[in-house]
Amino acid sequence: MEKLKYALFTGCTAKQSTPEQMMSTMAVAEKLGIELVELTEASCCGASHLQDYDDFLSLVLNARNIAYAEKHGLTMVTICNTCQLNTAMTKHRLDNNEELKAKVNEKLAEVGLEYKGTSAVTHFLYAIIDDFGLDKLKEMVVTPLSQFNIAPFYGCHNIRPSELQNETHKTAENPYNPTSLDDLIIACGGETVDYEEKNKCCGFHVELQAPHTAAVLTGNAIAGAMDGNADWMVTPCPLCHLKLDTQTAHASEAIGREVELPVLHMQQMVGLALGCTPAELGLNHHLAKVDFV
Amino acid sequence: MSTEHKITTQKVNFKVFRFNADEDYLPYYETYDMEVTSEEVVLDILNRIKWDHDGSFSYRRSCRHGICGTCAIKVNGRSTLACKESMNDMVALFGNELVIEPLSKKRAVKDMIIDKGDFWEKHAAVTPYLVADIDENPESENLVSPEDAEKLDEADLCIQCGACHYACPAVEINEDFFGPAAFAAAYRFSADVRDNATSRLKDVNEEKQGVWDCVKCFECAEACPKEINPIEKITKLHQMAFQEGIAKNNVAVRHAVGFKKSIVKNGVLDEGGLVLYSEGPAIVKHIPVAFKMFTKGKIVPPWGITKSQNLDEIQKLVKSSSTVKF
């Protein structure tokens, strides 16, 4: 197989509040022999909030990010569900509306760029599943995670709106019964935990404006995983990770029950199975202690 | 070539939510094994449960054409208009074990029938009608151009079935929150060129009840049987608040605006700076968690942020492409 190569859109959190996510992404890519070219020119995707303020500006900025991936002639890979949503949504809208695409390109031309629509946009989780292949990953596992019950937490923006997501991924996902992360856990040798909240919202996007709603959603998610006998949780989204890992005090208070579990990024889980060291995966950067390694 | 239409059958196990608020202390589930044909819709199954198994089984139904919106229920957690949803599709999605539940278990009155009072109250609260000075005896029709009609973006197709409302996690937690169906209705009339309502847009921008408490989970987009995409209407209501100049200077609004400020400065987000700008002095409440995060290397000071390369391009684009001000 030809070596897989992608343009990496890191998003903002991987460089700030979840440094362990950046470390583990690079460590796993190296183990798998995947080359990642970092898009250092990229801006923030707007995180669905700039989109509430100025729709056109958010389209122009996201189109610019994709244009840089196109310049490399590579598929863009994201490591954040919300980056994935906003980038894929921009691509969907521009690819299906010539007039809008022309308007956006008129702006991009001012800085010598053009959005063509030639680069696909996919999340690293789906790059591993669709392009690398779980069978091949399975063969590379050196430390099967067989003694662990692992609760998958999918994160909204990778599975909804399903119409957009299934246009982007080769593996069709049922948003009411998603399987990709479960399949990844199984490939790493772990036991998956089935629980009601696995495809639900973590509350991240209303953390500031509706703290109670946000805290209840986080609490319910961790409680669901705990009731399913999970040893730890795993998520492909750094925003979900921030909620589940750092907001347990508020979450516990909101639902009237102490909740806390170690929460791993999907890359950290794969890294453990592939024999990366805890230091390489940044397991010391978590608030909910990762004490099982 | 003639294609023969073949009807297939398969065995399906139904686990059905049963509850009678007048008699039962707790709900329970009854199971039914049935042969289901590829021609049937979910409503056929509800009918067969009532007609062949238990005459007391209760559910709402009327038009059987996906228009009246009364028969919405949940199948394996997915909001479904029973008369529109094919059994074949349900089995393809979830396999041969299906769980049939009302839209909201906590609002169940009898089996599939729920008390939809909260839905209607919230619908009524967004002024869901045209407010316009229209001559009662006009000399000609009040025509709306096709371009203007398109601005409604199909929000007028809503049948008030409640599928999105009871799929919304914010509605479940925050009883003041209007919910996606009410917002879609608010958008439908606010986007109408004939409408001059002044209070509607302000009402849907109020804290707790308004659009700013939307968690952005896209459950409503997924649930809507008419493909109205309520969250898209919610996003448009957010944008309208800025376009009409009624956005309030509060934490939610500053949170949206703060992204632009951060992008102009760094290209990427300054996470701490965004929280500070959004919260103002109220940032003190975040200090305990922020301190813990700092000790784990999760907080980068403003001077430590790696700015986007070619930041001048981003700044130029923000200048030339911004469409609103705050």
# chains A, B, ... in the order shown; residues from 1 in each chain; ligands from 1

call {"tool": "closest_atom_pairs", "arguments": {"of": "range 173-267 of chain A", "to": "range 75-84 of chain A", "cutoff": "12 Å", "atoms": "only C-alpha atoms", "output": "JSON lines"}}
result
{"residue": "A:Cys201", "atom": "CA", "partner": "A:Asn81", "partner_atom": "CA", "distance": 11.9}
{"residue": "A:Phe204", "atom": "CA", "partner": "A:Thr82", "partner_atom": "CA", "distance": 10.6}
{"residue": "A:His205", "atom": "CA", "partner": "A:Thr82", "partner_atom": "CA", "distance": 9.9}
{"residue": "A:Thr235", "atom": "CA", "partner": "A:Asn81", "partner_atom": "CA", "distance": 9.8}
{"residue": "A:Pro236", "atom": "CA", "partner": "A:Cys80", "partner_atom": "CA", "distance": 6.9}
{"residue": "A:Cys237", "atom": "CA", "partner": "A:Cys80", "partner_atom": "CA", "distance": 4.8}
{"residue": "A:Pro238", "atom": "CA", "partner": "A:Cys80", "partner_atom": "CA", "distance": 5.9}
{"residue": "A:Leu239", "atom": "CA", "partner": "A:Cys80", "partner_atom": "CA", "distance": 7.3}
{"residue": "A:Cys240", "atom": "CA", "partner": "A:Asn81", "partner_atom": "CA", "distance": 8.9}
{"residue": "A:His241", "atom": "CA", "partner": "A:Cys80", "partner_atom": "CA", "distance": 10.1}
{"residue": "A:Leu242", "atom": "CA", "partner": "A:Cys80", "partner_atom": "CA", "distance": 11.6}
{"residue": "A:His265", "atom": "CA", "partner": "A:Ile79", "partner_atom": "CA", "distance": 9.9}
{"residue": "A:Met266", "atom": "CA", "partner": "A:Ile79", "partner_atom": "CA", "distance": 9.6}
{"residue": "A:Gln267", "atom": "CA", "partner": "A:Ile79", "partner_atom": "CA", "distance": 9.2}

call {"tool": "residues_around", "arguments": {"residues": "Tyr53 in chain A", "least_positions_apart": "4", "cutoff": "10 Å", "atoms": "only C-alpha atoms", "output": "list in words"}}
result
Gly46, Ser48, His49, Leu57 and Ser58 of chain A; Thr235, Lys236, His238, Gln239, Met240, Ala241, Phe242, Gln243, Ala247, Val253, Arg254, His255, Ala256, Val257, Gly258, Phe259, Lys260, Ser322, Thr323, Val324, Lys325 and Phe326 of chain B

call {"tool": "write_last_selection", "arguments": {"atoms": "N, CA, C and O atoms", "output": "compact mmCIF listing (two decimals), in the first residue's frame"}}
result
# COMPACT_ATOMS: atom_id res chain seq x y z
N GLY A 46 -14.05 28.61 13.62
CA GLY A 46 -15.21 29.38 14.08
C GLY A 46 -16.04 28.61 15.09
O GLY A 46 -16.90 29.18 15.77
N SER A 48 -18.59 26.84 15.23
CA SER A 48 -20.06 26.97 15.20
C SER A 48 -20.55 28.23 15.91
O SER A 48 -21.75 28.47 15.97
N HIS A 49 -19.64 29.02 16.46
CA HIS A 49 -20.02 30.25 17.15
C HIS A 49 -19.82 31.46 16.25
O HIS A 49 -20.67 32.34 16.16
N LEU A 57 -18.31 35.36 6.62
CA LEU A 57 -16.92 35.41 7.07
C LEU A 57 -16.42 34.01 7.44
O LEU A 57 -15.30 33.62 7.09
N SER A 58 -17.27 33.23 8.11
CA SER A 58 -16.85 31.89 8.51
C SER A 58 -16.63 31.00 7.28
O SER A 58 -15.73 30.16 7.26
N THR B 235 -29.61 28.91 13.73
CA THR B 235 -28.41 29.66 13.33
C THR B 235 -28.81 30.95 12.63
O THR B 235 -28.23 32.01 12.88
N LYS B 236 -29.83 30.88 11.78
CA LYS B 236 -30.27 32.09 11.07
C LYS B 236 -30.88 33.12 12.02
O LYS B 236 -30.73 34.32 11.81
N HIS B 238 -29.88 33.50 15.11
CA HIS B 238 -28.70 34.11 15.72
C HIS B 238 -28.19 35.24 14.82
O HIS B 238 -27.94 36.36 15.27
N GLN B 239 -28.03 34.92 13.55
CA GLN B 239 -27.48 35.90 12.60
C GLN B 239 -28.40 37.12 12.47
O GLN B 239 -27.94 38.26 12.39
N MET B 240 -29.73 36.86 12.47
CA MET B 240 -30.69 37.96 12.35
C MET B 240 -30.54 38.95 13.50
O MET B 240 -30.71 40.16 13.33
N ALA B 241 -30.23 38.42 14.70
CA ALA B 241 -30.08 39.29 15.87
C ALA B 241 -29.00 40.33 15.61
O ALA B 241 -29.13 41.50 15.99
N PHE B 242 -27.92 39.92 14.94
CA PHE B 242 -26.84 40.87 14.61
C PHE B 242 -27.24 41.77 13.46
O PHE B 242 -27.01 42.98 13.48
N GLN B 243 -27.87 41.18 12.45
CA GLN B 243 -28.28 41.97 11.28
C GLN B 243 -29.28 43.05 11.66
O GLN B 243 -29.25 44.16 11.13
N ALA B 247 -28.89 42.23 19.05
CA ALA B 247 -28.08 41.33 19.88
C ALA B 247 -27.68 42.05 21.14
O ALA B 247 -27.21 43.18 21.11
N VAL B 253 -23.57 36.29 23.46
CA VAL B 253 -23.27 37.10 22.28
C VAL B 253 -21.77 37.41 22.20
O VAL B 253 -21.14 37.28 21.14
N ARG B 254 -21.20 37.77 23.34
CA ARG B 254 -19.75 38.07 23.34
C ARG B 254 -18.95 36.81 22.99
O ARG B 254 -17.89 36.89 22.36
N HIS B 255 -19.48 35.65 23.37
CA HIS B 255 -18.80 34.40 23.05
C HIS B 255 -18.72 34.21 21.54
O HIS B 255 -17.69 33.77 21.00
N ALA B 256 -19.79 34.54 20.83
CA ALA B 256 -19.78 34.41 19.36
C ALA B 256 -18.86 35.45 18.73
O ALA B 256 -18.03 35.14 17.86
N VAL B 257 -18.98 36.69 19.22
CA VAL B 257 -18.18 37.79 18.66
C VAL B 257 -16.69 37.60 18.99
O VAL B 257 -15.81 37.95 18.19
N GLY B 258 -16.44 37.02 20.15
CA GLY B 258 -15.07 36.83 20.62
C GLY B 258 -14.22 35.99 19.67
O GLY B 258 -13.00 36.17 19.60
N PHE B 259 -14.84 35.09 18.95
CA PHE B 259 -14.09 34.27 17.99
C PHE B 259 -13.44 35.16 16.92
O PHE B 259 -12.30 34.97 16.54
N LYS B 260 -14.21 36.14 16.45
CA LYS B 260 -13.67 37.03 15.42
C LYS B 260 -12.50 37.84 15.98
O LYS B 260 -11.47 37.98 15.33
N SER B 322 -16.25 40.61 6.34
CA SER B 322 -17.21 40.74 7.45
C SER B 322 -18.49 41.36 6.94
O SER B 322 -18.47 42.31 6.16
N THR B 323 -19.62 40.82 7.37
CA THR B 323 -20.91 41.35 6.90
C THR B 323 -21.72 42.02 8.01
O THR B 323 -22.73 42.66 7.74
N VAL B 324 -21.31 41.81 9.26
CA VAL B 324 -22.04 42.46 10.37
C VAL B 324 -21.06 43.04 11.38
O VAL B 324 -19.88 42.71 11.39
N LYS B 325 -21.60 43.91 12.21
CA LYS B 325 -20.78 44.53 13.27
C LYS B 325 -21.45 44.32 14.60
O LYS B 325 -22.67 44.17 14.67
N PHE B 326 -20.67 44.31 15.66
CA PHE B 326 -21.27 44.30 17.00
C PHE B 326 -20.48 45.25 17.88
O PHE B 326 -19.26 45.18 17.93

call {"tool": "closest_atom_pairs", "arguments": {"of": "chain A", "to": "chain B", "cutoff": "7 Å", "atoms": "only C-alpha atoms", "output": "JSON lines"}}
result
{"residue": "A:Cys12", "atom": "CA", "partner": "B:Leu269", "partner_atom": "CA", "distance": 5.9}
{"residue": "A:Gln16", "atom": "CA", "partner": "B:Val300", "partner_atom": "CA", "distance": 5.6}
{"residue": "A:Ser17", "atom": "CA", "partner": "B:Lys298", "partner_atom": "CA", "distance": 4.2}
{"residue": "A:Thr18", "atom": "CA", "partner": "B:Lys298", "partner_atom": "CA", "distance": 6.1}
{"residue": "A:Pro19", "atom": "CA", "partner": "B:Lys298", "partner_atom": "CA", "distance": 6.8}
{"residue": "A:Thr40", "atom": "CA", "partner": "B:Gln309", "partner_atom": "CA", "distance": 5.8}
{"residue": "A:Glu41", "atom": "CA", "partner": "B:Gln309", "partner_atom": "CA", "distance": 4.3}
{"residue": "A:Ala42", "atom": "CA", "partner": "B:Ser308", "partner_atom": "CA", "distance": 6.0}
{"residue": "A:Ser43", "atom": "CA", "partner": "B:Gly267", "partner_atom": "CA", "distance": 4.6}
{"residue": "A:Cys44", "atom": "CA", "partner": "B:Val268", "partner_atom": "CA", "distance": 4.6}
{"residue": "A:Gly46", "atom": "CA", "partner": "B:Phe259", "partner_atom": "CA", "distance": 6.4}
{"residue": "A:His49", "atom": "CA", "partner": "B:Ala256", "partner_atom": "CA", "distance": 4.7}
{"residue": "A:Leu50", "atom": "CA", "partner": "B:Ala256", "partner_atom": "CA", "distance": 5.3}
{"residue": "A:Asp52", "atom": "CA", "partner": "B:His238", "partner_atom": "CA", "distance": 5.3}
{"residue": "A:Tyr53", "atom": "CA", "partner": "B:Gln239", "partner_atom": "CA", "distance": 5.4}
{"residue": "A:Asp54", "atom": "CA", "partner": "B:Val324", "partner_atom": "CA", "distance": 6.4}
{"residue": "A:Phe56", "atom": "CA", "partner": "B:Ser321", "partner_atom": "CA", "distance": 6.9}
{"residue": "A:Leu57", "atom": "CA", "partner": "B:Ser321", "partner_atom": "CA", "distance": 5.3}
{"residue": "A:Lys107", "atom": "CA", "partner": "B:Leu317", "partner_atom": "CA", "distance": 6.8}
{"residue": "A:Val111", "atom": "CA", "partner": "B:Glu313", "partner_atom": "CA", "distance": 5.8}
{"residue": "A:Cys156", "atom": "CA", "partner": "B:Cys217", "partner_atom": "CA", "distance": 5.4}
{"residue": "A:Arg160", "atom": "CA", "partner": "B:Phe218", "partner_atom": "CA", "distance": 5.8}
{"residue": "A:Pro161", "atom": "CA", "partner": "B:Phe218", "partner_atom": "CA", "distance": 6.0}
{"residue": "A:Tyr176", "atom": "CA", "partner": "B:Arg78", "partner_atom": "CA", "distance": 6.5}
{"residue": "A:Cys201", "atom": "CA", "partner": "B:Cys217", "partner_atom": "CA", "distance": 5.8}
{"residue": "A:Gly203", "atom": "CA", "partner": "B:Val215", "partner_atom": "CA", "distance": 6.1}
{"residue": "A:His205", "atom": "CA", "partner": "B:Val215", "partner_atom": "CA", "distance": 5.7}
{"residue": "A:Val206", "atom": "CA", "partner": "B:Val215", "partner_atom": "CA", "distance": 5.7}
{"residue": "A:Gln209", "atom": "CA", "partner": "B:Ala252", "partner_atom": "CA", "distance": 5.1}
{"residue": "A:Ala210", "atom": "CA", "partner": "B:Asp213", "partner_atom": "CA", "distance": 5.9}
{"residue": "A:Thr213", "atom": "CA", "partner": "B:Ile173", "partner_atom": "CA", "distance": 6.0}
{"residue": "A:His285", "atom": "CA", "partner": "B:Lys296", "partner_atom": "CA", "distance": 4.8}
{"residue": "A:His286", "atom": "CA", "partner": "B:Lys296", "partner_atom": "CA", "distance": 6.6}

call {"tool": "select_by_dssp", "arguments": {"residues": "range 125-273 of chain B", "states": "helix (DSSP H, G or I)", "output": "VMD selection string"}}
result
chain B and resid 125 146 to 150 155 to 157 165 to 167 169 to 173 180 to 190 200 to 203 211 to 213 219 to 223 230 to 243 251 to 266 271 to 273

call {"tool": "residues_around", "arguments": {"residues": "Glu253 in chain A", "least_positions_apart": "5", "cutoff": "10 Å", "atoms": "only C-alpha atoms", "output": "PDB file with C-alpha atoms, in the first residue's frame"}}
result
ATOM      1  CA  HIS A 212     -26.377  24.122  34.157  1.00  0.00           C
ATOM      2  CA  ALA A 215     -23.039  20.323  33.390  1.00  0.00           C
ATOM      3  CA  VAL A 216     -26.075  18.006  33.402  1.00  0.00           C
ATOM      4  CA  GLY A 219     -22.748  14.385  34.220  1.00  0.00           C
ATOM      5  CA  THR A 248     -16.442  16.728  36.637  1.00  0.00           C
ATOM      6  CA  GLU A 258     -20.031  11.977  42.108  1.00  0.00           C
ATOM      7  CA  VAL A 259     -18.931  11.218  38.581  1.00  0.00           C
TER       8      VAL A 259
END

call {"tool": "residues_around", "arguments": {"residues": "Thr122 in chain A", "least_positions_apart": "5", "cutoff": "12 Å", "atoms": "only C-alpha atoms", "output": "compact mmCIF listing (two decimals) with N, CA, C and O atoms, in the first residue's frame"}}
result
# COMPACT_ATOMS: atom_id res chain seq x y z
N TYR A 6 -1.64 13.03 4.58
CA TYR A 6 -2.75 13.97 4.73
C TYR A 6 -2.25 15.36 5.11
O TYR A 6 -1.16 15.51 5.67
N ALA A 7 -3.11 16.35 4.84
CA ALA A 7 -2.87 17.69 5.37
C ALA A 7 -3.58 17.77 6.71
O ALA A 7 -4.79 17.58 6.79
N LEU A 8 -2.85 18.01 7.78
CA LEU A 8 -3.44 18.01 9.13
C LEU A 8 -3.92 19.39 9.54
O LEU A 8 -3.14 20.35 9.62
N PHE A 9 -5.22 19.49 9.79
CA PHE A 9 -5.79 20.70 10.38
C PHE A 9 -5.92 20.43 11.88
O PHE A 9 -6.79 19.68 12.29
N ILE A 66 -9.20 25.12 3.64
CA ILE A 66 -9.26 23.99 2.69
C ILE A 66 -8.36 24.27 1.48
O ILE A 66 -7.70 23.38 0.96
N ALA A 69 -5.00 23.01 1.97
CA ALA A 69 -4.90 21.55 1.79
C ALA A 69 -4.86 21.23 0.30
O ALA A 69 -4.11 20.37 -0.16
N LEU A 74 -3.66 17.36 -1.06
CA LEU A 74 -3.91 16.29 -0.08
C LEU A 74 -5.33 16.37 0.50
O LEU A 74 -5.94 17.44 0.53
N THR A 75 -5.82 15.24 0.96
CA THR A 75 -7.05 15.21 1.75
C THR A 75 -6.75 15.88 3.09
O THR A 75 -5.69 15.66 3.67
N MET A 76 -7.69 16.71 3.55
CA MET A 76 -7.50 17.33 4.86
C MET A 76 -7.99 16.39 5.94
O MET A 76 -9.07 15.81 5.82
N VAL A 77 -7.19 16.20 6.97
CA VAL A 77 -7.63 15.39 8.09
C VAL A 77 -7.78 16.30 9.31
O VAL A 77 -6.94 17.17 9.56
N THR A 78 -8.91 16.14 10.01
CA THR A 78 -9.17 16.95 11.20
C THR A 78 -9.04 16.05 12.43
O THR A 78 -9.19 14.83 12.33
N ILE A 79 -8.79 16.66 13.59
CA ILE A 79 -8.73 15.85 14.82
C ILE A 79 -9.70 16.40 15.86
O ILE A 79 -9.56 16.16 17.04
N CYS A 80 -10.68 17.15 15.39
CA CYS A 80 -11.70 17.70 16.29
C CYS A 80 -13.04 17.59 15.58
O CYS A 80 -13.15 17.98 14.41
N ASN A 81 -14.07 17.07 16.26
CA ASN A 81 -15.37 16.89 15.61
C ASN A 81 -15.94 18.21 15.10
O ASN A 81 -16.57 18.26 14.04
N THR A 82 -15.74 19.29 15.87
CA THR A 82 -16.34 20.56 15.48
C THR A 82 -15.59 21.19 14.30
O THR A 82 -16.20 21.78 13.42
N CYS A 83 -14.26 21.03 14.27
CA CYS A 83 -13.50 21.44 13.07
C CYS A 83 -14.01 20.66 11.87
O CYS A 83 -14.17 21.20 10.77
N GLN A 84 -14.24 19.35 12.07
CA GLN A 84 -14.71 18.51 10.98
C GLN A 84 -16.06 19.02 10.47
O GLN A 84 -16.26 19.19 9.26
N LEU A 85 -16.98 19.29 11.39
CA LEU A 85 -18.31 19.76 10.99
C LEU A 85 -18.21 21.06 10.18
O LEU A 85 -18.78 21.17 9.10
N ASN A 86 -17.50 22.04 10.73
CA ASN A 86 -17.49 23.35 10.08
C ASN A 86 -16.74 23.34 8.76
O ASN A 86 -17.11 24.06 7.82
N THR A 87 -15.69 22.53 8.68
CA THR A 87 -14.95 22.45 7.43
C THR A 87 -15.75 21.69 6.39
O THR A 87 -15.89 22.14 5.24
N ALA A 88 -16.30 20.53 6.78
CA ALA A 88 -17.07 19.72 5.83
C ALA A 88 -18.34 20.46 5.39
O ALA A 88 -18.76 20.36 4.24
N MET A 89 -18.94 21.21 6.31
CA MET A 89 -20.15 21.97 5.98
C MET A 89 -19.81 23.07 4.96
O MET A 89 -20.56 23.29 4.01
N LYS A 91 -17.37 22.99 2.81
CA LYS A 91 -17.11 22.30 1.55
C LYS A 91 -18.42 21.90 0.87
O LYS A 91 -18.61 22.12 -0.33
N ALA A 127 -10.21 8.37 8.83
CA ALA A 127 -9.03 8.11 7.99
C ALA A 127 -8.45 6.75 8.39
O ALA A 127 -8.07 5.95 7.53
N ILE A 128 -8.41 6.48 9.70
CA ILE A 128 -7.89 5.19 10.18
C ILE A 128 -8.80 4.05 9.71
O ILE A 128 -8.32 3.02 9.21
N ILE A 129 -10.11 4.26 9.84
CA ILE A 129 -11.04 3.18 9.49
C ILE A 129 -11.16 3.00 7.97
O ILE A 129 -11.04 1.89 7.45
N ASP A 130 -11.40 4.10 7.27
CA ASP A 130 -11.67 4.02 5.82
C ASP A 130 -10.41 3.77 4.99
O ASP A 130 -10.43 3.02 4.03
N ASP A 131 -9.32 4.46 5.35
CA ASP A 131 -8.14 4.43 4.48
C ASP A 131 -7.07 3.45 4.98
O ASP A 131 -6.51 2.70 4.20
N ASN A 158 -19.39 14.51 14.78
CA ASN A 158 -18.89 13.47 13.88
C ASN A 158 -20.04 12.61 13.33
O ASN A 158 -19.85 11.90 12.36
N LEU A 164 -24.61 14.96 6.00
CA LEU A 164 -23.30 15.53 5.70
C LEU A 164 -22.19 14.54 6.01
O LEU A 164 -21.26 14.35 5.23
N GLN A 165 -22.29 13.90 7.16
CA GLN A 165 -21.22 13.00 7.59
C GLN A 165 -21.09 11.80 6.66
O GLN A 165 -19.99 11.35 6.37
N ASN A 166 -22.23 11.29 6.20
CA ASN A 166 -22.15 10.12 5.33
C ASN A 166 -21.73 10.47 3.91
O ASN A 166 -21.34 9.61 3.14
N GLU A 167 -21.78 11.76 3.61
CA GLU A 167 -21.26 12.23 2.32
C GLU A 167 -19.73 12.30 2.42
O GLU A 167 -19.02 12.16 1.44
N THR A 168 -19.23 12.49 3.65
CA THR A 168 -17.80 12.69 3.89
C THR A 168 -17.06 11.37 4.15
O THR A 168 -15.93 11.21 3.72
N HIS A 169 -17.69 10.46 4.90
CA HIS A 169 -17.00 9.22 5.27
C HIS A 169 -17.43 8.09 4.36
O HIS A 169 -18.56 8.03 3.92
N LYS A 170 -16.51 7.16 4.15
CA LYS A 170 -16.87 5.98 3.38
C LYS A 170 -17.70 5.02 4.23
O LYS A 170 -18.54 4.30 3.74
N THR A 171 -17.42 5.01 5.54
CA THR A 171 -18.19 4.15 6.45
C THR A 171 -19.45 4.89 6.87
O THR A 171 -19.38 5.87 7.59

call {"tool": "select_by_dssp", "arguments": {"residues": "range 47-214 of chain B", "states": "strand (DSSP E)", "output": "ChimeraX atom specification"}}
result
/B:72-75,78-81,97-101,108-110,113-114

call {"tool": "write_last_selection", "arguments": {"atoms": "C-alpha atoms", "output": "short mmCIF file (atom, residue, chain, number, x, y, z; two decimals), in the first residue's frame"}}
result
data_model
loop_
_atom_site.label_atom_id
_atom_site.label_comp_id
_atom_site.auth_asym_id
_atom_site.auth_seq_id
_atom_site.Cartn_x
_atom_site.Cartn_y
_atom_site.Cartn_z
CA ALA B 72 -44.81 10.88 16.04
CA ILE B 73 -43.20 8.34 18.41
CA LYS B 74 -39.68 6.99 18.99
CA VAL B 75 -38.25 3.78 17.57
CA ARG B 78 -35.08 7.83 16.95
CA SER B 79 -38.01 10.23 16.51
CA THR B 80 -40.26 8.82 13.84
CA LEU B 81 -43.49 9.82 12.15
CA GLU B 97 -35.36 -5.98 17.82
CA LEU B 98 -37.20 -2.70 17.94
CA VAL B 99 -38.11 -0.59 20.96
CA ILE B 100 -41.30 1.42 20.56
CA GLU B 101 -41.64 4.40 22.91
CA ALA B 108 -46.41 9.89 28.89
CA VAL B 109 -50.13 9.84 29.70
CA LYS B 110 -51.09 6.48 28.21
CA ILE B 113 -49.87 9.36 24.08
CA ILE B 114 -48.02 12.22 25.73
#

call {"tool": "closest_residue", "arguments": {"among": "B:Tyr129, B:Asp195, B:Asp115, B:His123", "to": "Asp148 in chain B", "atoms": "only C-alpha atoms"}}
result
B:Asp195

call {"tool": "residues_around", "arguments": {"residues": "Asp227 in chain A", "least_positions_apart": "2", "cutoff": "12 Å", "atoms": "only C-alpha atoms", "output": "MDAnalysis selection string"}}
result
chainID A and resid 149 151 193:197 219:225 229:232 259:261

call {"tool": "closest_residue", "arguments": {"among": "A:Gly11, A:Gly189, A:Pro175, A:Gly271", "to": "Phe148 in chain A", "atoms": "only C-alpha atoms"}}
result
A:Gly189

call {"tool": "atom_distance", "arguments": {"atom1": "CA of Lys101 in chain A", "atom2": "CA of Ala47 in chain A"}}
result
20.9 Å

call {"tool": "atom_distance", "arguments": {"atom1": "CA of Leu32 in chain A", "atom2": "CA of Tyr68 in chain A"}}
result
24.3 Å

call {"tool": "residues_around", "arguments": {"residues": "Pro128 in chain B", "least_positions_apart": "2", "cutoff": "7 Å", "atoms": "only C-alpha atoms", "output": "JSON, numbers by chain"}}
result
{"B": [123, 124, 126, 185, 186, 189]}

call {"tool": "residues_around", "arguments": {"residues": "Ala102 in chain A", "least_positions_apart": "2", "cutoff": "12 Å", "atoms": "only C-alpha atoms", "output": "ChimeraX atom specification"}}
result
/A:59-60,63,93-100,104-109,114-117
